[in-house]
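Novice: Structure file protein_27.pdb (PDB, C-alpha atoms, pLDDT in the B column) is given on the next line.
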ATOM      1  CA  ILE D   1      -0.570 -12.770  12.656  1.00 41.00           C
ATOM      2  CA  LEU D   2      -1.553 -10.983   9.458  1.00 42.00           C
ATOM      3  CA  GLY D   3      -3.065 -14.144   8.021  1.00 43.00           C
ATOM      4  CA  SER D   4      -5.144 -14.836  11.130  1.00 43.00           C
ATOM      5  CA  GLN D   5      -6.459 -11.271  11.381  1.00 46.00           C
ATOM      6  CA  ARG D   6      -6.893 -10.548   7.691  1.00 43.00           C
ATOM      7  CA  PRO D   7      -6.918 -13.733   5.626  1.00 43.00           C
ATOM      8  CA  HIS D   8      -8.266 -11.925   2.567  1.00 42.00           C
ATOM      9  CA  THR D   9      -5.293  -9.520   2.622  1.00 40.00           C
ATOM     10  CA  LEU D  10      -2.792 -12.356   2.811  1.00 37.00           C
ATOM     11  CA  LEU D  11      -4.515 -14.184  -0.025  1.00 39.00           C
ATOM     12  CA  PHE D  12      -4.393 -11.046  -2.176  1.00 39.00           C
ATOM     13  CA  PHE D  13      -0.623 -10.685  -1.749  1.00 40.00           C
ATOM     14  CA  VAL D  14      -0.075 -14.377  -2.375  1.00 39.00           C
ATOM     15  CA  ALA D  15      -2.270 -14.293  -5.479  1.00 42.00           C
ATOM     16  CA  ILE D  16      -0.127 -11.595  -7.058  1.00 42.00           C
ATOM     17  CA  ARG D  17       2.945 -13.843  -6.871  1.00 45.00           C
ATOM     18  CA  TYR D  18       1.416 -17.269  -7.303  1.00 48.00           C
ATOM     19  CA  VAL D  19      -1.193 -18.738  -9.562  1.00 47.00           C
ATOM     20  CA  LYS D  20      -3.006 -22.057  -9.249  1.00 47.00           C
ATOM     21  CA  GLN D  21      -2.776 -24.044 -12.418  1.00 46.00           C
ATOM     22  CA  PRO D  22      -5.856 -26.215 -13.128  1.00 51.00           C
ATOM     23  CA  GLY D  23      -5.354 -29.619 -11.523  1.00 52.00           C
ATOM     24  CA  LEU D  24      -1.963 -28.566 -10.114  1.00 50.00           C
ATOM     25  CA  ARG D  25      -0.688 -26.997  -6.942  1.00 51.00           C
ATOM     26  CA  TRP D  26       0.091 -23.268  -6.484  1.00 51.00           C
ATOM     27  CA  GLN D  27       3.123 -22.236  -8.535  1.00 52.00           C
ATOM     28  CA  LEU D  28       5.067 -19.050  -9.145  1.00 55.00           C
ATOM     29  CA  MET D  29       3.508 -16.889 -11.805  1.00 56.00           C
ATOM     30  CA  PRO D  30       5.083 -17.451 -15.219  1.00 58.00           C
ATOM     31  CA  ARG D  31       8.286 -15.735 -16.275  1.00 62.00           C
ATOM     32  CA  LEU D  32       8.255 -13.169 -19.055  1.00 59.00           C
ATOM     33  CA  PRO D  33      10.683 -13.321 -22.007  1.00 59.00           C
ATOM     34  CA  ASP D  34      13.087 -10.977 -20.173  1.00 58.00           C
ATOM     35  CA  GLY D  35      13.297 -13.501 -17.307  1.00 61.00           C
ATOM     36  CA  SER D  36      11.248 -11.478 -14.817  1.00 57.00           C
ATOM     37  CA  ILE D  37       8.156 -12.834 -13.100  1.00 57.00           C
ATOM     38  CA  ALA D  38       4.874 -11.661 -14.586  1.00 58.00           C
ATOM     39  CA  HIS D  39       3.214  -9.465 -11.970  1.00 59.00           C
ATOM     40  CA  GLY D  40      -0.475  -8.643 -11.526  1.00 60.00           C
ATOM     41  CA  GLU D  41      -1.964  -6.702 -14.404  1.00 60.00           C
ATOM     42  CA  LYS D  42       0.742  -7.680 -16.896  1.00 60.00           C
ATOM     43  CA  TRP D  43       0.148 -11.385 -16.347  1.00 59.00           C
ATOM     44  CA  PHE D  44      -3.621 -11.069 -16.583  1.00 60.00           C
ATOM     45  CA  ALA D  45      -3.343  -8.926 -19.722  1.00 60.00           C
ATOM     46  CA  LEU D  46      -0.998 -11.401 -21.419  1.00 61.00           C
ATOM     47  CA  ARG D  47      -2.967 -14.539 -20.676  1.00 64.00           C
ATOM     48  CA  GLY D  48      -5.641 -13.741 -23.254  1.00 67.00           C
ATOM     49  CA  ARG D  49      -6.730 -11.229 -25.849  1.00 74.00           C
ATOM     50  CA  PRO D  50      -6.946  -7.707 -24.326  1.00 72.00           C
ATOM     51  CA  LYS D  51     -10.582  -6.755 -23.767  1.00 78.00           C
ATOM     52  CA  ASN D  52     -10.234  -3.043 -22.942  1.00 83.00           C
ATOM     53  CA  GLN D  53      -7.772  -0.130 -23.040  1.00 83.00           C
ATOM     54  CA  THR D  54      -6.252  -1.003 -19.669  1.00 76.00           C
ATOM     55  CA  GLU D  55      -5.484  -4.563 -20.726  1.00 75.00           C
ATOM     56  CA  GLU D  56      -4.116  -3.317 -24.064  1.00 78.00           C
ATOM     57  CA  PHE D  57      -1.784  -0.964 -22.183  1.00 73.00           C
ATOM     58  CA  TRP D  58      -0.488  -3.676 -19.848  1.00 70.00           C
ATOM     59  CA  ALA D  59      -0.110  -6.235 -22.627  1.00 71.00           C
ATOM     60  CA  SER D  60       2.092  -3.891 -24.654  1.00 73.00           C
ATOM     61  CA  TYR D  61       3.863  -2.014 -21.832  1.00 75.00           C
ATOM     62  CA  GLN D  62       7.649  -2.281 -22.050  1.00 79.00           C
ATOM     63  CA  GLY D  63       8.660   0.742 -19.962  1.00 85.00           C
ATOM     64  CA  PHE D  64      10.813   1.256 -16.884  1.00 88.00           C
ATOM     65  CA  GLY D  65       7.973   0.371 -14.499  1.00 84.00           C
ATOM     66  CA  ASN D  66       8.106  -3.205 -15.784  1.00 75.00           C
ATOM     67  CA  ALA D  67       8.964  -5.837 -13.197  1.00 60.00           C
ATOM     68  CA  ASN D  68      12.608  -5.941 -12.077  1.00 71.00           C
ATOM     69  CA  LEU D  69      13.645  -2.736 -13.851  1.00 84.00           C
ATOM     70  CA  ALA D  70      12.501  -0.128 -11.355  1.00 89.00           C
ATOM     71  CA  PHE D  71      12.599  -2.379  -8.295  1.00 89.00           C
ATOM     72  CA  GLU D  72      14.391  -5.538  -7.293  1.00 86.00           C
ATOM     73  CA  GLU D  73      12.351  -8.683  -6.825  1.00 81.00           C
ATOM     74  CA  GLY D  74      11.126  -8.706  -3.221  1.00 84.00           C
ATOM     75  CA  GLU D  75      11.973  -5.032  -2.621  1.00 89.00           C
ATOM     76  CA  LYS D  76       9.830  -3.729   0.230  1.00 92.00           C
ATOM     77  CA  GLY D  77       8.531  -0.271   1.061  1.00 94.00           C
ATOM     78  CA  VAL D  78       7.469   0.675  -2.453  1.00 93.00           C
ATOM     79  CA  THR D  79       4.915   3.474  -2.065  1.00 95.00           C
ATOM     80  CA  PRO D  80       2.443   4.920  -4.566  1.00 95.00           C
ATOM     81  CA  LEU D  81       4.952   7.765  -5.075  1.00 97.00           C
ATOM     82  CA  HIS D  82       7.649   5.230  -5.974  1.00 96.00           C
ATOM     83  CA  LYS D  83       5.217   3.628  -8.455  1.00 93.00           C
ATOM     84  CA  SER D  84       4.466   7.056  -9.958  1.00 94.00           C
ATOM     85  CA  ALA D  85       8.199   7.540 -10.460  1.00 96.00           C
ATOM     86  CA  ALA D  86       8.634   4.080 -11.984  1.00 94.00           C
ATOM     87  CA  PHE D  87       5.791   4.453 -14.478  1.00 92.00           C
ATOM     88  CA  GLY D  88       6.341   8.160 -15.202  1.00 94.00           C
ATOM     89  CA  TRP D  89       3.050   9.453 -13.828  1.00 93.00           C
ATOM     90  CA  PRO D  90       3.712  13.138 -12.982  1.00 95.00           C
ATOM     91  CA  GLN D  91       0.116  14.041 -12.100  1.00 94.00           C
ATOM     92  CA  GLN D  92      -0.072  11.238  -9.542  1.00 95.00           C
ATOM     93  CA  ALA D  93       3.287  12.304  -8.091  1.00 96.00           C
ATOM     94  CA  GLN D  94       2.124  15.914  -7.882  1.00 96.00           C
ATOM     95  CA  PHE D  95      -1.130  14.848  -6.219  1.00 95.00           C
ATOM     96  CA  LEU D  96       0.640  12.649  -3.652  1.00 96.00           C
ATOM     97  CA  LEU D  97       3.290  15.266  -2.838  1.00 97.00           C
ATOM     98  CA  ALA D  98       0.669  18.013  -2.512  1.00 95.00           C
ATOM     99  CA  ARG D  99      -1.042  15.899   0.162  1.00 94.00           C
ATOM    100  CA  ASP D 100       2.147  14.804   1.963  1.00 96.00           C
ATOM    101  CA  PRO D 101       5.413  16.362   0.770  1.00 96.00           C
ATOM    102  CA  MET D 102       7.440  14.467   3.383  1.00 97.00           C
ATOM    103  CA  GLN D 103       6.886  11.182   1.557  1.00 96.00           C
ATOM    104  CA  CYS D 104       9.597  12.304  -0.886  1.00 96.00           C
ATOM    105  CA  TRP D 105      12.065  11.091   1.782  1.00 97.00           C
ATOM    106  CA  THR D 106      10.577   7.597   2.059  1.00 97.00           C
ATOM    107  CA  LYS D 107      13.056   4.912   1.012  1.00 97.00           C
ATOM    108  CA  THR D 108      12.480   1.352  -0.107  1.00 95.00           C
ATOM    109  CA  SER D 109      14.312  -1.573   1.484  1.00 95.00           C
ATOM    110  CA  THR D 110      17.154  -1.002  -1.002  1.00 95.00           C
ATOM    111  CA  GLY D 111      17.399   2.702  -0.127  1.00 96.00           C
ATOM    112  CA  GLN D 112      15.618   4.192  -3.152  1.00 96.00           C
ATOM    113  CA  THR D 113      13.606   7.389  -2.877  1.00 97.00           C
ATOM    114  CA  ALA D 114      11.014   8.198  -5.518  1.00 97.00           C
ATOM    115  CA  ARG D 115      13.398  10.763  -7.033  1.00 98.00           C
ATOM    116  CA  ASP D 116      16.091   8.061  -7.251  1.00 97.00           C
ATOM    117  CA  VAL D 117      13.638   5.845  -9.139  1.00 96.00           C
ATOM    118  CA  ALA D 118      12.595   8.676 -11.483  1.00 97.00           C
ATOM    119  CA  SER D 119      16.239   9.629 -12.134  1.00 97.00           C
ATOM    120  CA  ARG D 120      17.112   6.028 -12.961  1.00 96.00           C
ATOM    121  CA  ALA D 121      14.080   5.939 -15.259  1.00 95.00           C
ATOM    122  CA  VAL D 122      15.328   9.036 -17.108  1.00 97.00           C
ATOM    123  CA  ALA D 123      18.752   7.428 -17.597  1.00 96.00           C
ATOM    124  CA  TRP D 124      17.092   4.175 -18.720  1.00 94.00           C
ATOM    125  CA  CYS D 125      14.898   6.046 -21.221  1.00 94.00           C
ATOM    126  CA  ARG D 126      17.960   7.750 -22.708  1.00 96.00           C
ATOM    127  CA  SER D 127      20.033   4.580 -22.956  1.00 94.00           C
ATOM    128  CA  ASN D 128      17.145   2.605 -24.488  1.00 91.00           C
ATOM    129  CA  HIS D 129      16.106   5.345 -26.949  1.00 93.00           C
ATOM    130  CA  ARG D 130      12.609   5.583 -25.524  1.00 91.00           C
ATOM    131  CA  PRO D 131      10.124   8.174 -26.851  1.00 91.00           C
ATOM    132  CA  GLN D 132      10.770  11.767 -25.751  1.00 95.00           C
ATOM    133  CA  GLU D 133       7.296  11.949 -24.176  1.00 93.00           C
ATOM    134  CA  GLU D 134       8.126   9.055 -21.836  1.00 93.00           C
ATOM    135  CA  LEU D 135      11.462  10.615 -20.874  1.00 95.00           C
ATOM    136  CA  LEU D 136       9.789  13.954 -20.110  1.00 96.00           C
ATOM    137  CA  ARG D 137       7.191  12.293 -17.863  1.00 95.00           C
ATOM    138  CA  HIS D 138       9.941  10.718 -15.737  1.00 96.00           C
ATOM    139  CA  GLU D 139      11.846  14.026 -15.641  1.00 97.00           C
ATOM    140  CA  GLU D 140       8.687  15.764 -14.445  1.00 97.00           C
ATOM    141  CA  VAL D 141       8.237  13.259 -11.606  1.00 97.00           C
ATOM    142  CA  ALA D 142      11.876  13.773 -10.582  1.00 98.00           C
ATOM    143  CA  GLU D 143      11.315  17.534 -10.604  1.00 98.00           C
ATOM    144  CA  TRP D 144       8.203  17.261  -8.403  1.00 97.00           C
ATOM    145  CA  CYS D 145      10.178  15.149  -5.935  1.00 98.00           C
ATOM    146  CA  LEU D 146      13.044  17.651  -5.947  1.00 98.00           C
ATOM    147  CA  GLN D 147      10.627  20.512  -5.272  1.00 97.00           C
ATOM    148  CA  ALA D 148       9.238  18.613  -2.285  1.00 97.00           C
ATOM    149  CA  GLU D 149      12.749  17.866  -0.999  1.00 97.00           C
ATOM    150  CA  LEU D 150      13.570  21.591  -1.220  1.00 97.00           C
ATOM    151  CA  GLY D 151      10.495  22.344   0.891  1.00 96.00           C
ATOM    152  CA  LYS D 152       8.620  24.180  -1.848  1.00 96.00           C
ATOM    153  CA  GLU D 153       4.852  24.137  -1.694  1.00 95.00           C
ATOM    154  CA  ILE D 154       3.199  21.801  -4.148  1.00 94.00           C
ATOM    155  CA  SER D 155      -0.429  22.339  -4.998  1.00 92.00           C
ATOM    156  CA  PHE D 156      -2.827  20.168  -6.912  1.00 89.00           C
ATOM    157  CA  ASN D 157      -6.272  21.338  -7.928  1.00 83.00           C
ATOM    158  CA  ILE D 158      -8.772  18.761  -8.985  1.00 76.00           C
ATOM    159  CA  VAL D 159     -10.739  20.292 -11.804  1.00 71.00           C
ATOM    160  CA  GLY D 160     -13.113  18.542 -14.098  1.00 59.00           C
ATOM    161  CA  ASN D 161     -16.552  17.139 -14.559  1.00 57.00           C
ATOM    162  CA  ASN D 162     -18.126  14.013 -15.870  1.00 53.00           C
ATOM    163  CA  ASP D 163     -19.247  15.540 -19.179  1.00 53.00           C
TER
END
Write out the structure in this file as C-alpha cells.

Specialist:
Amino acid sequence: ILGSQRPHTLLFFVAIRYVKQPGLRWQLMPRLPDGSIAHGEKWFALRGRPKNQTEEFWASYQGFGNANLAFEEGEKGVTPLHKSAAFGWPQQAQFLLARDPMQCWTKTSTGQTARDVASRAVAWCRSNHRPQEELLRHEEVAEWCLQAELGKEISFNIVGNND
C-alpha cells in the first residue's frame, strides 16, 4: 500500500539499505570493517574524499550512534529523540522534549526509550575510553529525558541570528 500511494517514500527507504552497482542488480550496501552495514551518510562519506565538514564528520565518526551499536539492525520505532540519545545531541533532545515531553516514553521495537539509549551510550563511552566531552553529551541527553519522565517543564529558547 505504501509503495502504491507514495512510491518516492518507498524508494527512499530502499535506497538507504541497498545500492545499485553499475551494471549489476541492487545489492545490500557494503559492510564496514566492524561488520555492520554502511548506512546513509556514512556510506556516502566513505565512498570518496570528503568534500565538506559534514562528510568529514561522517567519514571519521566512530561513536555510539554508529550502525548496530545504538540500535539493532532492523529495529523499528527509532524517533529523532532516540537518534539524539544515540549521537549525544543534548540540544536536539532538549528541543524535542520541550515540544513534546511525552515522547520520552516512546519505545523502539526492542523496548528502548531514549534514556535507555543515552544510558547505554554513557556506559559504552566509559568502557571504550571515549573523550570526556562525548560522555558528558550523552549524560546530558539522559538527564533531559529523566527530567521529562519526572514531569518537569523543559524549555528551549531559540536565540540567534544569521550574522

Novice: Do you have the CA of Ala114 in chain D-CA of Ala142 in chain D distance handy?

Specialist: 7.6 Å

Novice: Mind giving me the straight-line distance from CA of Met102 in chain D to CA of Glu140 in chain D in Å, one decimal?

Specialist: 17.9 Å

Novice: Go through D:Pro101, D:Gly88, D:Ala148, D:Phe95 and flag the residue nearest Leu135 in chain D, using only C-alpha atoms for the distances.

Specialist: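 Among the listed residues, the smallest separation from Leu135 in chain D belongs to D:Gly88.
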
Novice: As an exercise, work out the distance from CA of Val122 in chain D to CA of Trp58 in chain D in Å and give it to one decimal place.

Specialist: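 Answer for the CA of Val122 in chain D to CA of Trp58 in chain D separation: 20.5 Å.
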
Novice: When you look at range 73-76 of chain D with a cut-off of 8 Å (counting all atoms listed in the file), what residues show up, excluding the ones that are within fewer than 4 positions of it in the same chain? I need them as a list in words.

Specialist: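 Answer for this query is Ala67, Asn68, Thr108, Ser109 and Thr110 of chain D.
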
Novice: Nearest to Leu69 in chain D among D:Trp89, D:Thr106, D:Arg120, D:Cys145, with distances taken over only C-alpha atoms: which residue is it?

Specialist: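 Of D:Trp89, D:Thr106, D:Arg120, D:Cys145, the one nearest Leu69 in chain D is D:Arg120, counting only C-alpha atoms.
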
Novice: Given the PyMOL selection byres ((chain D and resi 79) around 10) and the file above, list the residues it selects as an mmCIF file with C-alpha atoms, in the frame of the given file.

Specialist:
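result_0.cif written:
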data_model
loop_
_atom_site.group_PDB
_atom_site.id
_atom_site.type_symbol
_atom_site.label_atom_id
_atom_site.label_comp_id
_atom_site.auth_asym_id
_atom_site.auth_seq_id
_atom_site.Cartn_x
_atom_site.Cartn_y
_atom_site.Cartn_z
ATOM 1 C CA LYS D 76 9.830 -3.729 0.230
ATOM 2 C CA GLY D 77 8.531 -0.271 1.061
ATOM 3 C CA VAL D 78 7.469 0.675 -2.453
ATOM 4 C CA PRO D 80 2.443 4.920 -4.566
ATOM 5 C CA LEU D 81 4.952 7.765 -5.075
ATOM 6 C CA HIS D 82 7.649 5.230 -5.974
ATOM 7 C CA LYS D 83 5.217 3.628 -8.455
ATOM 8 C CA SER D 84 4.466 7.056 -9.958
ATOM 9 C CA ALA D 85 8.199 7.540 -10.460
ATOM 10 C CA GLN D 103 6.886 11.182 1.557
ATOM 11 C CA THR D 106 10.577 7.597 2.059
ATOM 12 C CA LYS D 107 13.056 4.912 1.012
ATOM 13 C CA THR D 108 12.480 1.352 -0.107
ATOM 14 C CA THR D 113 13.606 7.389 -2.877
ATOM 15 C CA ALA D 114 11.014 8.198 -5.518
#

Novice: Go through D:Leu150, D:Ala118, D:Ala70, D:Ala59 and flag the residue nearest His138 in chain D, using only C-alpha atoms for the distances.

Specialist: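 Among the listed residues, the smallest separation from His138 in chain D belongs to D:Ala118.
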
Novice: With all atoms listed in the file as the basis for distance, which of D:Ser155, D:Arg126, D:Ser119, D:Phe87 is at the shortest distance from Glu139 in chain D?

Specialist: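 Of D:Ser155, D:Arg126, D:Ser119, D:Phe87, the one nearest Glu139 in chain D, counting all atoms listed in the file, is D:Ser119.
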
Novice: Between D:Cys104, D:Ile158, D:Cys125, D:Leu146, which residue has the minimum interatomic distance to Gly65 in chain D, considering all atoms listed in the file?

Specialist: D:Cys125

Novice: Which is closer to Glu134 in chain D than all the others in D:Thr54, D:Gln147, D:Gln62, D:Gln112, using all atoms listed in the file?

Specialist: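 Looking at the shortest contact to Glu134 in chain D, the residue is D:Gln62.
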